[in-house]
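**Student:** Below you will find the structure I want to go over with you.
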Amino acid sequence: MWRELAPVGRSAETGGYRRYAWTPADADCRAWFQAEATARGLSYETDRNGNQWAWLGDPAAGDAVVTGSHLDSVPDGGAFDGPLGVVSAFAALDELKARGARCARPVAVVNFGDEEGARFGLACTGSRLTAGQLAPEAARELRDADGVTLARAMERAGYDPEAIGPDPERLARVGAFVELHVEQGRALADTPHPVGVASAIWPHGRWRFDFGGEANHAGTTRIADRRDPMLAYAHTVLAAREQAAAAGALATFGKVAVDPGGVNAIASRVRGWLDSRAPDEETLARVVTAVERAATGHARAEGVDVGVVRESFTPVVEFAHPLRDRIAARLGGAPVLPTGAGHDAGILAAAVPTAMLFVRNPTGVSHSPAEQATEDDCLAGVGALADVLEDLACR
């Protein structure tokens, strides 16, 4: 499975992946998922929000145990973030079959659409829509860098954007959701444990900062006469780093768009996106407020305008303690650790009991081609997931 999926959406230049929602690479990933489901005799379906499901047993029976993750990527992302969870889910079903396990509850593998939000700027779109955390009309109007709406992109890919929206009947079938994911950090790297269990997801969000100045000639405009939004933006980036470091939080400006974008032109507008995360919501709010205050002050000093828009926010997620503790005990006391990364499991946690397994990442690097997991650790992850599914669904 891994060899077949590995070439899809991979850049020959960078070695990273560009599997964006509703693109040909995404379609190829979806075709791979359907083929794996069909090869196992699983019942396959795509829900109203474009999420893919493969069922072992009768979905209508309810109280299902669901596992899986996502197949899309960030720009030039690694091979493991998302796909490891989907590949491992199918492999875990193979392991259960090899064990002769008979499941009393339905079991499903899911591929949630547009988890990374790389194209339209909003993470976990598929699971947010399903859980009723994103209004359909707002989702349809999301736009990519070329101005293409999500609705138009779905239509081009052969899906109906008018059908998207909350899916409470589907969620009512789910008794538990367990997502396996490559570790995004090095908490397990220096331990003997190849697999860990998530305790919670830090609160996190994305904010867009728009700095508006005056376009002018870089070679003829005196410094004193400039209204350069790039300077205010640069000071804000530094302020974000300082505020996060002081608060024990994280703040990153990783995406910027500049108009008109000429080497010999002073910018008229600089748009930057802040990603910030913290151990608790109070700390996160304090950091973002301080960054906004810094942006306002530096904009005023440079004679430019600034506006801030919160594009997404996810509160702290505490995974269901009984499920989390049961899984940790089933895995022989696997380490329990928090994460700063958002996941579909975090979105679904408000509606169904959810849990996460992490597979050790020796590099600690994520969202990059350097992201890694050894074959032995991946196989340990499959075994651990199979143990969990057997415990929850087959006993």
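Residues in the structure tokens are named by chain (A, B, ... in the order shown) and by number from 1 within that chain; ligands are numbered from 1 in the order shown.
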Find the spatial neighbours of A:Pro168, counting only C-alpha atoms, within a cut-off of 12 Å - ignore same-chain residues fewer than 5 positions away - and output them as a list in words.
**Tutor:**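 Contacts, in chain order: Asp47, Arg48, Ser127, Arg128, Leu129, Thr130, Ala131, Gly132, Gln133, Arg173, Val174, Leu348, Ala351 and Val352 of chain A.
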**Student:** Excluding stretch 11-21 of chain A and residues on its chain fewer than 6 positions from it, collect all residues at most 9 Å away from it, counting only C-alpha atoms, and give them as a list in words.
**Tutor:**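 What passes the distance filter is Ala27, Cys29, Leu71, Asp72, Ser73, Val74, Pro75, Asp76, Gly77, Gly78, Ala79, Gly113, Asp114, Glu115, Glu116, Gly117, Ala118, Arg119, Phe120, Leu150, Ala153, Met154, His367, Ser368, Pro369 and Ala370 of chain A.
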**Student:** Which residue gives the smallest distance to A:Glu214 among A:Lys255, A:Arg330, A:His70, A:Arg269, with only C-alpha atoms counted?
**Tutor:**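 Of all the options, A:Arg269 lies closest to A:Glu214.
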**Student:** Can you tell me, as an mmCIF file with N, CA and C atoms, in the first residue's frame, what residues are no more than 12 Å from A:Gly262 when counting only C-alpha atoms, ignoring any on the same chain fewer than 3 positions away?
**Tutor:**
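Result written to selection.cif:
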```cif
data_model
loop_
_atom_site.group_PDB
_atom_site.id
_atom_site.type_symbol
_atom_site.label_atom_id
_atom_site.label_comp_id
_atom_site.auth_asym_id
_atom_site.auth_seq_id
_atom_site.Cartn_x
_atom_site.Cartn_y
_atom_site.Cartn_z
ATOM 1 N N ALA A 215 1.983 51.798 -2.857
ATOM 2 C CA ALA A 215 2.948 51.318 -3.841
ATOM 3 C C ALA A 215 3.750 52.483 -4.398
ATOM 4 N N ASN A 216 5.049 52.246 -4.603
ATOM 5 C CA ASN A 216 5.904 53.305 -5.130
ATOM 6 C C ASN A 216 7.185 52.693 -5.677
ATOM 7 N N HIS A 217 8.014 53.538 -6.273
ATOM 8 C CA HIS A 217 9.255 53.085 -6.899
ATOM 9 C C HIS A 217 10.339 52.891 -5.852
ATOM 10 N N ALA A 218 10.960 51.712 -5.856
ATOM 11 C CA ALA A 218 11.973 51.413 -4.852
ATOM 12 C C ALA A 218 13.244 52.239 -5.048
ATOM 13 N N ALA A 257 1.721 37.054 1.394
ATOM 14 C CA ALA A 257 1.415 37.457 0.020
ATOM 15 C C ALA A 257 1.666 38.949 -0.102
ATOM 16 N N VAL A 258 2.381 39.331 -1.130
ATOM 17 C CA VAL A 258 2.798 40.725 -1.302
ATOM 18 C C VAL A 258 2.290 41.252 -2.633
ATOM 19 N N ASP A 259 1.682 42.456 -2.615
ATOM 20 C CA ASP A 259 1.255 43.144 -3.837
ATOM 21 C C ASP A 259 2.037 44.447 -3.979
ATOM 22 N N ALA A 265 9.799 47.450 -6.406
ATOM 23 C CA ALA A 265 8.595 48.186 -6.031
ATOM 24 C C ALA A 265 8.351 48.093 -4.534
ATOM 25 N N ILE A 266 7.989 49.219 -3.946
ATOM 26 C CA ILE A 266 7.507 49.218 -2.568
ATOM 27 C C ILE A 266 6.106 48.615 -2.583
ATOM 28 N N ALA A 267 5.846 47.736 -1.658
ATOM 29 C CA ALA A 267 4.565 47.029 -1.659
ATOM 30 C C ALA A 267 3.406 47.963 -1.332
ATOM 31 N N SER A 268 2.263 47.670 -1.919
ATOM 32 C CA SER A 268 1.034 48.379 -1.564
ATOM 33 C C SER A 268 0.286 47.637 -0.461
ATOM 34 N N ARG A 269 0.474 46.308 -0.439
ATOM 35 C CA ARG A 269 -0.218 45.494 0.562
ATOM 36 C C ARG A 269 0.613 44.266 0.884
#
```
**Student:** Fewer than 6 positions away in the same chain doesn't count, so skip those; otherwise give me all residues within 7 Å of A:Pro362, counting only C-alpha atoms, as an NGL selection string.
**Tutor:** :A and (186 or 189 or 372-373)
**Student:** So which residues touch A:Trp53 within 7 Å, counting only C-alpha atoms, skipping near sequence neighbours fewer than 3 positions away, as a PDB file with all heavy atoms, in the first residue's frame?
**Tutor:**
```pdb
ATOM      1  N   TYR A  44     -18.098   0.577   0.495  1.00  0.00           N
ATOM      2  CA  TYR A  44     -17.489   1.894   0.268  1.00  0.00           C
ATOM      3  C   TYR A  44     -18.559   2.945   0.025  1.00  0.00           C
ATOM      4  O   TYR A  44     -19.547   2.699  -0.672  1.00  0.00           O
ATOM      5  CB  TYR A  44     -16.544   1.834  -0.939  1.00  0.00           C
ATOM      6  CG  TYR A  44     -16.068   3.209  -1.374  1.00  0.00           C
ATOM      7  CD1 TYR A  44     -15.045   3.846  -0.691  1.00  0.00           C
ATOM      8  CD2 TYR A  44     -16.686   3.866  -2.440  1.00  0.00           C
ATOM      9  CE1 TYR A  44     -14.621   5.121  -1.077  1.00  0.00           C
ATOM     10  CE2 TYR A  44     -16.272   5.136  -2.829  1.00  0.00           C
ATOM     11  CZ  TYR A  44     -15.247   5.756  -2.151  1.00  0.00           C
ATOM     12  OH  TYR A  44     -14.829   7.007  -2.514  1.00  0.00           O
ATOM     13  N   GLU A  45     -18.351   4.136   0.582  1.00  0.00           N
ATOM     14  CA  GLU A  45     -19.246   5.260   0.317  1.00  0.00           C
ATOM     15  C   GLU A  45     -18.516   6.578   0.531  1.00  0.00           C
ATOM     16  O   GLU A  45     -17.524   6.654   1.274  1.00  0.00           O
ATOM     17  CB  GLU A  45     -20.485   5.199   1.217  1.00  0.00           C
ATOM     18  CG  GLU A  45     -20.172   5.246   2.698  1.00  0.00           C
ATOM     19  CD  GLU A  45     -21.431   5.215   3.553  1.00  0.00           C
ATOM     20  OE1 GLU A  45     -22.497   5.621   3.058  1.00  0.00           O
ATOM     21  OE2 GLU A  45     -21.336   4.800   4.715  1.00  0.00           O
ATOM     22  N   THR A  46     -19.010   7.602  -0.148  1.00  0.00           N
ATOM     23  CA  THR A  46     -18.531   8.966   0.054  1.00  0.00           C
ATOM     24  C   THR A  46     -19.676   9.765   0.632  1.00  0.00           C
ATOM     25  O   THR A  46     -20.791   9.739   0.093  1.00  0.00           O
ATOM     26  CB  THR A  46     -18.067   9.599  -1.268  1.00  0.00           C
ATOM     27  OG1 THR A  46     -17.039   8.796  -1.836  1.00  0.00           O
ATOM     28  CG2 THR A  46     -17.532  11.003  -1.029  1.00  0.00           C
ATOM     29  N   ALA A 108     -14.968   0.871  10.719  1.00  0.00           N
ATOM     30  CA  ALA A 108     -14.838   1.639   9.477  1.00  0.00           C
ATOM     31  C   ALA A 108     -13.475   2.296   9.397  1.00  0.00           C
ATOM     32  O   ALA A 108     -12.864   2.638  10.414  1.00  0.00           O
ATOM     33  CB  ALA A 108     -15.932   2.699   9.382  1.00  0.00           C
ATOM     34  N   VAL A 109     -13.018   2.480   8.167  1.00  0.00           N
ATOM     35  CA  VAL A 109     -11.837   3.284   7.870  1.00  0.00           C
ATOM     36  C   VAL A 109     -12.324   4.540   7.164  1.00  0.00           C
ATOM     37  O   VAL A 109     -13.176   4.466   6.268  1.00  0.00           O
ATOM     38  CB  VAL A 109     -10.845   2.526   6.965  1.00  0.00           C
ATOM     39  CG1 VAL A 109      -9.644   3.405   6.617  1.00  0.00           C
ATOM     40  CG2 VAL A 109     -10.391   1.232   7.632  1.00  0.00           C
ATOM     41  N   VAL A 110     -11.795   5.702   7.550  1.00  0.00           N
ATOM     42  CA  VAL A 110     -12.249   6.958   6.964  1.00  0.00           C
ATOM     43  C   VAL A 110     -11.063   7.781   6.469  1.00  0.00           C
ATOM     44  O   VAL A 110      -9.980   7.764   7.056  1.00  0.00           O
ATOM     45  CB  VAL A 110     -13.075   7.775   7.994  1.00  0.00           C
ATOM     46  CG1 VAL A 110     -12.224   8.187   9.191  1.00  0.00           C
ATOM     47  CG2 VAL A 110     -13.705   9.005   7.349  1.00  0.00           C
ATOM     48  N   ASN A 111     -11.296   8.475   5.372  1.00  0.00           N
ATOM     49  CA  ASN A 111     -10.371   9.490   4.864  1.00  0.00           C
ATOM     50  C   ASN A 111     -11.108  10.816   4.863  1.00  0.00           C
ATOM     51  O   ASN A 111     -11.995  11.045   4.041  1.00  0.00           O
ATOM     52  CB  ASN A 111      -9.912   9.145   3.448  1.00  0.00           C
ATOM     53  CG  ASN A 111      -9.218  10.330   2.762  1.00  0.00           C
ATOM     54  OD1 ASN A 111      -8.500  11.097   3.402  1.00  0.00           O
ATOM     55  ND2 ASN A 111      -9.448  10.481   1.468  1.00  0.00           N
TER      56      ASN A 111
END
```
**Student:** Give me, as a tab-separated table, each residue of stretch 144-185 of chain A that comes within 12 Å of stretch 383-392 of chain A, together with its shortest interatomic pair and the distance in Å at one decimal, counting only C-alpha atoms, with rows ordered by chain and rising residue number.
**Tutor:**
```
residue	atom	partner	partner_atom	distance
A:Gly175	CA	A:Leu392	CA	9.6
A:Ala176	CA	A:Leu392	CA	8.5
A:Phe177	CA	A:Leu389	CA	10.0
A:Val178	CA	A:Leu385	CA	8.3
A:Glu179	CA	A:Leu385	CA	8.9
A:Leu180	CA	A:Leu385	CA	7.4
A:His181	CA	A:Leu385	CA	10.7
```
**Student:** Can you pull out the residues contacting A:Thr283? Cut-off 10 Å, using only C-alpha atoms, and skip same-chain residues under 2 positions away; I want them as number ranges by chain.
**Tutor:** A: 203, 244, 247-249, 277-281, 285-289
**Student:** I want to know what sits within 9 Å of A:Ala349, based on only C-alpha atoms, with residues of the same chain fewer than 2 positions away left out; could you give that as a CSV table (one decimal) with C-alpha atoms, in the first residue's frame?
**Tutor:**
```
chain,number,residue,atom,x,y,z
A,177,PHE,CA,-13.0,7.2,16.7
A,317,VAL,CA,-9.4,19.3,23.2
A,318,GLU,CA,-9.2,16.8,26.1
A,319,PHE,CA,-9.6,13.4,24.6
A,320,ALA,CA,-12.1,11.2,26.3
A,344,ASP,CA,-9.8,15.5,12.7
A,345,ALA,CA,-10.0,13.6,15.9
A,346,GLY,CA,-10.0,16.9,17.8
A,347,ILE,CA,-12.9,18.2,15.7
A,351,ALA,CA,-19.5,14.7,19.2
A,352,VAL,CA,-18.1,11.3,19.8
A,353,PRO,CA,-15.4,9.7,22.1
A,354,THR,CA,-12.1,10.1,20.3
A,355,ALA,CA,-8.5,9.1,20.9
```
**Student:** Mind listing the strand (DSSP E or B) residues of stretch 191-276 of chain A, per DSSP on the backbone, as number ranges by chain?
**Tutor:** A: 195-201, 204-212, 216-217, 250-259, 265-266, 269-276
**Student:** Given the choices A:Gly82, A:Pro136, A:Pro322, A:Gly212, which gets closest to A:Phe112 if the distance is worked out from only C-alpha atoms?
**Tutor:** A:Gly82
**Student:** Return the single residue from A:Leu171, A:Ser312, A:Glu371, A:Gly41 that is closest to A:Val65, with distances computed using only C-alpha atoms.
**Tutor:** A:Leu171
**Student:** Hey, can you check how far atom CA of A:Ala251 sits from atom CA of A:Ser69?
**Tutor:** 25.3 Å
**Student:** Would you return as number ranges by chain the members of stretch 132-225 of chain A that DSSP assigns to helix (DSSP H, G or I) on this structure's backbone?
**Tutor:** A: 136-140, 150-156, 161-163, 168-172, 223-225
**Student:** Which of these residues is nearest to A:Gly364, using only C-alpha atoms: A:Asp144, A:Glu155, A:Glu4, A:Glu183?
**Tutor:**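 Under the stated criterion, the closest residue is A:Glu183.
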**Student:** From the options A:Gly205, A:Gly303, A:Pro260, A:Gly297, which residue's atoms come nearest to A:Trp273, counting only C-alpha atoms?
**Tutor:** A:Gly205
**Student:** Just give me the gap between atom CA of A:Val309 and atom CA of A:Ala341 in Å, one decimal is fine.
**Tutor:** 21.0 Å
**Student:** Using only C-alpha atoms, can you tell me which of A:Leu188, A:Ala139, A:Val316, A:Val8 comes closest to A:Asn49?
**Tutor:**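 With only C-alpha atoms as the atom set, the closest residue is A:Ala139.
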**Student:** Grab the atom CA of A:Ile327 to atom CA of A:Ala92 distance for me, in Å with one decimal place.
**Tutor:** 15.3 Å
